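For reference, the structure discussed in these notes is given below.
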Amino acid sequence: MENSLFHESKLRGDKTDHMKPTLSIGIATYNEEANLGMLLHEIFHQKVNSVELTEILVISDGSTDKTDAIVQSFREVVRLIRTGGRQGAIHAKNIMIKETSSDILVMLDADILPENELFIEKLIEPIINNPSVGLTSAILLPSKPKTFTEKVLVWNHDWKQKLFSSIGDGNNLYTCFGPAQAFPKSLYKKISYPDNAPYDALSYMFCIANGLNFVSVKYPRAVFRCPTNLHDHARQSARFAAGKKAITDIFGEKANKAYTIPHKSLLFGVMRELLRKPIFSLYYFVMWFYVRAHKTNEFTSLWEIAESSKKLK
């Protein structure tokens, strides 16, 4: 029989099956009062059978809103750790690694929601079943768009996801999404994220460099929100471009190979979408030129927040 992560015996520390692997969940937050309560509620209602939850760590990275109060309103299984000021999500993830010793660590961003109650169970399942798996991540599902720009970005996300899933076995750098990742202790305790490169791609490259496999968990997915305006999209895209350069600077040719998309597949996908969604395609090209004009070559963990993507409903 499946157990909810919200089961009273787990929260009180009553007798549990210690033969099961232990699990810690870490959540990086910065001014996430709009989303954090919903995420914690969904986590507490997850159904699992394979692990024993030891704690939920919420790293409040210099939050100035009601984030901390929301954490403190939950039961003792949620532990709040405040930083001395905003230092970035990468710093928060390094704190998670230092503060936990569980067999499995799930790292979540605060601006996502599980698609259903089996999200955590399915995310960690490949790690439990196969010792050669060092990293998993969840596929991202866009929430219902509200603006035209958001509709275009949701369309773009969907067709790119199909493209990335068709590369190799579907387990590649492009399907390794940072907002929801899981690691076994054998890998996460070896990781120390530098603050000049994106943690999602770093996780993937570090996993492969250690001779372990990455698995993209197709279902259930993590719900997120695309930016609703062009300015916020430019912030995210510029960060991705700078992150790609940072990863290739660190890992060299191995990173270049990981980022390579077969030209034939890319060309076919672009032509197909141009015929299928010509207005969306043309608008996206305009967005692409706008992003190019605002790009930066330097990656920093203290990037400017895309505020509209944080209002997840």
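The way I read the labels, and the way they are meant: chains A, B, ... in the order of the structure tokens, residue 1 as the first residue of every chain, and ligand 1 as the first ligand shown, with later ones counted on from there.
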Query raised in the report: Residues at most 8 Å from region 227-232 of chain A, counting only C-alpha atoms, excluding those fewer than 6 positions away in the same chain, as a ChimeraX atom specification?
Result: /A:145-150,153,287,305-309
Write a file of the selected residues as a compact mmCIF listing (two decimals), in the first residue's frame, keeping all heavy atoms.
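Just written: out.txt:
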# COMPACT_ATOMS: atom_id res chain seq x y z
N PRO A 145 -1.25 29.29 -21.28
CA PRO A 145 -0.77 30.66 -21.55
C PRO A 145 -1.88 31.69 -21.50
O PRO A 145 -3.04 31.40 -21.82
CB PRO A 145 -0.19 30.55 -22.96
CG PRO A 145 -0.95 29.43 -23.61
CD PRO A 145 -1.24 28.45 -22.50
N LYS A 146 -1.51 32.93 -21.15
CA LYS A 146 -2.48 34.01 -21.03
C LYS A 146 -2.26 35.11 -22.08
O LYS A 146 -3.21 35.74 -22.52
CB LYS A 146 -2.38 34.64 -19.63
CG LYS A 146 -2.65 33.66 -18.49
CD LYS A 146 -4.05 33.12 -18.51
CE LYS A 146 -4.32 32.23 -17.29
NZ LYS A 146 -5.68 31.67 -17.31
N THR A 147 -1.01 35.35 -22.48
CA THR A 147 -0.72 36.40 -23.45
C THR A 147 -0.25 35.77 -24.76
O THR A 147 0.08 34.59 -24.82
CB THR A 147 0.38 37.34 -22.93
OG1 THR A 147 1.63 36.60 -22.86
CG2 THR A 147 0.04 37.87 -21.54
N PHE A 148 -0.22 36.59 -25.82
CA PHE A 148 0.22 36.07 -27.12
C PHE A 148 1.68 35.63 -27.05
O PHE A 148 2.04 34.56 -27.57
CB PHE A 148 0.04 37.13 -28.21
CG PHE A 148 0.46 36.66 -29.57
CD1 PHE A 148 -0.31 35.76 -30.28
CD2 PHE A 148 1.65 37.10 -30.13
CE1 PHE A 148 0.07 35.31 -31.53
CE2 PHE A 148 2.06 36.65 -31.39
CZ PHE A 148 1.26 35.76 -32.08
N THR A 149 2.52 36.42 -26.42
CA THR A 149 3.93 36.05 -26.28
C THR A 149 4.06 34.72 -25.55
O THR A 149 4.84 33.85 -25.94
CB THR A 149 4.70 37.14 -25.52
OG1 THR A 149 4.71 38.34 -26.31
CG2 THR A 149 6.13 36.70 -25.24
N GLU A 150 3.28 34.55 -24.50
CA GLU A 150 3.34 33.30 -23.75
C GLU A 150 2.86 32.12 -24.60
O GLU A 150 3.42 31.02 -24.53
CB GLU A 150 2.49 33.41 -22.48
CG GLU A 150 2.69 32.26 -21.51
CD GLU A 150 1.90 32.45 -20.23
OE1 GLU A 150 1.17 33.47 -20.11
OE2 GLU A 150 2.01 31.59 -19.34
N LEU A 153 5.66 31.09 -26.80
CA LEU A 153 6.71 30.40 -26.05
C LEU A 153 6.29 28.99 -25.66
O LEU A 153 7.12 28.07 -25.65
CB LEU A 153 7.10 31.21 -24.82
CG LEU A 153 7.80 32.54 -25.11
CD1 LEU A 153 8.04 33.32 -23.82
CD2 LEU A 153 9.11 32.32 -25.85
N MET A 287 11.37 37.64 -31.96
CA MET A 287 11.83 37.51 -30.58
C MET A 287 13.30 37.11 -30.53
O MET A 287 14.06 37.58 -29.68
CB MET A 287 10.98 36.48 -29.86
CG MET A 287 9.51 36.86 -29.72
SD MET A 287 8.48 35.50 -29.12
CE MET A 287 9.04 35.36 -27.43
N ILE A 305 15.65 38.37 -12.29
CA ILE A 305 14.51 37.47 -12.26
C ILE A 305 13.51 37.82 -13.35
O ILE A 305 13.18 38.98 -13.56
CB ILE A 305 13.80 37.52 -10.89
CG1 ILE A 305 14.78 37.12 -9.78
CG2 ILE A 305 12.56 36.64 -10.88
CD1 ILE A 305 15.28 35.71 -9.87
N ALA A 306 13.01 36.79 -14.06
CA ALA A 306 11.92 36.97 -15.01
C ALA A 306 10.62 36.88 -14.21
O ALA A 306 10.06 35.81 -14.01
CB ALA A 306 11.98 35.90 -16.09
N GLU A 307 10.14 38.01 -13.75
CA GLU A 307 9.05 38.05 -12.78
C GLU A 307 7.77 37.37 -13.27
O GLU A 307 7.09 36.71 -12.50
CB GLU A 307 8.75 39.50 -12.39
CG GLU A 307 9.87 40.21 -11.64
CD GLU A 307 10.04 39.69 -10.23
OE1 GLU A 307 9.15 38.96 -9.76
OE2 GLU A 307 11.07 40.02 -9.59
N SER A 308 7.45 37.52 -14.55
CA SER A 308 6.18 36.99 -15.02
C SER A 308 6.14 35.47 -15.01
O SER A 308 5.07 34.87 -14.94
CB SER A 308 5.87 37.52 -16.43
OG SER A 308 6.83 37.04 -17.37
N SER A 309 7.30 34.82 -15.06
CA SER A 309 7.34 33.36 -15.03
C SER A 309 7.16 32.82 -13.62
O SER A 309 7.03 31.61 -13.42
CB SER A 309 8.66 32.85 -15.62
OG SER A 309 9.75 33.18 -14.77
Query raised in the report: Between A:Val270, A:Ala201, A:Ala180, A:Val215, which one has atoms that come closest to Gly243 (chain A), using only C-alpha atoms?
Result: A:Ala201
Requested in this report: Write out as a ChimeraX atom specification all residues of region 184-285 of chain A that backbone DSSP assigns to alpha helix (DSSP H).
Outcome: /A:185-188,199-209,230-251,253-259,263-276,278-285
Can you write out as a tab-separated table which residues of region 145-212 of chain A fall within 10 Å of region 119-130 of chain A, alongside each residue's closest atom pair and its distance in Å to one decimal, counting only C-alpha atoms and ordering rows by chain and ascending residue number?
residue	atom	partner	partner_atom	distance
A:Ala180	CA	A:Leu123	CA	8.4
A:Gln181	CA	A:Leu123	CA	7.7
A:Ala182	CA	A:Ile124	CA	6.2
A:Phe183	CA	A:Ile127	CA	7.4
A:Pro184	CA	A:Ile127	CA	6.6
Those same residues, written as a compact mmCIF listing (two decimals), in the first residue's frame with all heavy atoms?
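Now in again-v8.txt:
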# COMPACT_ATOMS: atom_id res chain seq x y z
N ALA A 180 13.68 20.33 -11.54
CA ALA A 180 13.32 19.11 -10.80
C ALA A 180 14.34 18.03 -11.13
O ALA A 180 14.28 17.42 -12.19
CB ALA A 180 11.91 18.66 -11.14
N GLN A 181 15.28 17.78 -10.22
CA GLN A 181 16.33 16.79 -10.43
C GLN A 181 16.47 15.91 -9.19
O GLN A 181 16.18 16.34 -8.07
CB GLN A 181 17.67 17.47 -10.71
CG GLN A 181 17.71 18.26 -12.00
CD GLN A 181 19.09 18.85 -12.28
OE1 GLN A 181 19.81 19.23 -11.37
NE2 GLN A 181 19.45 18.91 -13.54
N ALA A 182 16.93 14.68 -9.41
CA ALA A 182 17.17 13.76 -8.29
C ALA A 182 18.54 13.12 -8.45
O ALA A 182 18.96 12.81 -9.57
CB ALA A 182 16.09 12.68 -8.24
N PHE A 183 19.23 12.91 -7.34
CA PHE A 183 20.58 12.36 -7.31
C PHE A 183 20.70 11.29 -6.23
O PHE A 183 20.14 11.45 -5.14
CB PHE A 183 21.62 13.43 -6.96
CG PHE A 183 21.57 14.69 -7.76
CD1 PHE A 183 20.60 15.65 -7.52
CD2 PHE A 183 22.52 14.94 -8.75
CE1 PHE A 183 20.57 16.83 -8.24
CE2 PHE A 183 22.51 16.12 -9.46
CZ PHE A 183 21.53 17.06 -9.21
N PRO A 184 21.50 10.25 -6.47
CA PRO A 184 21.88 9.36 -5.37
C PRO A 184 23.00 10.01 -4.56
O PRO A 184 23.72 10.89 -5.07
CB PRO A 184 22.38 8.10 -6.08
CG PRO A 184 22.93 8.63 -7.37
CD PRO A 184 22.06 9.79 -7.76
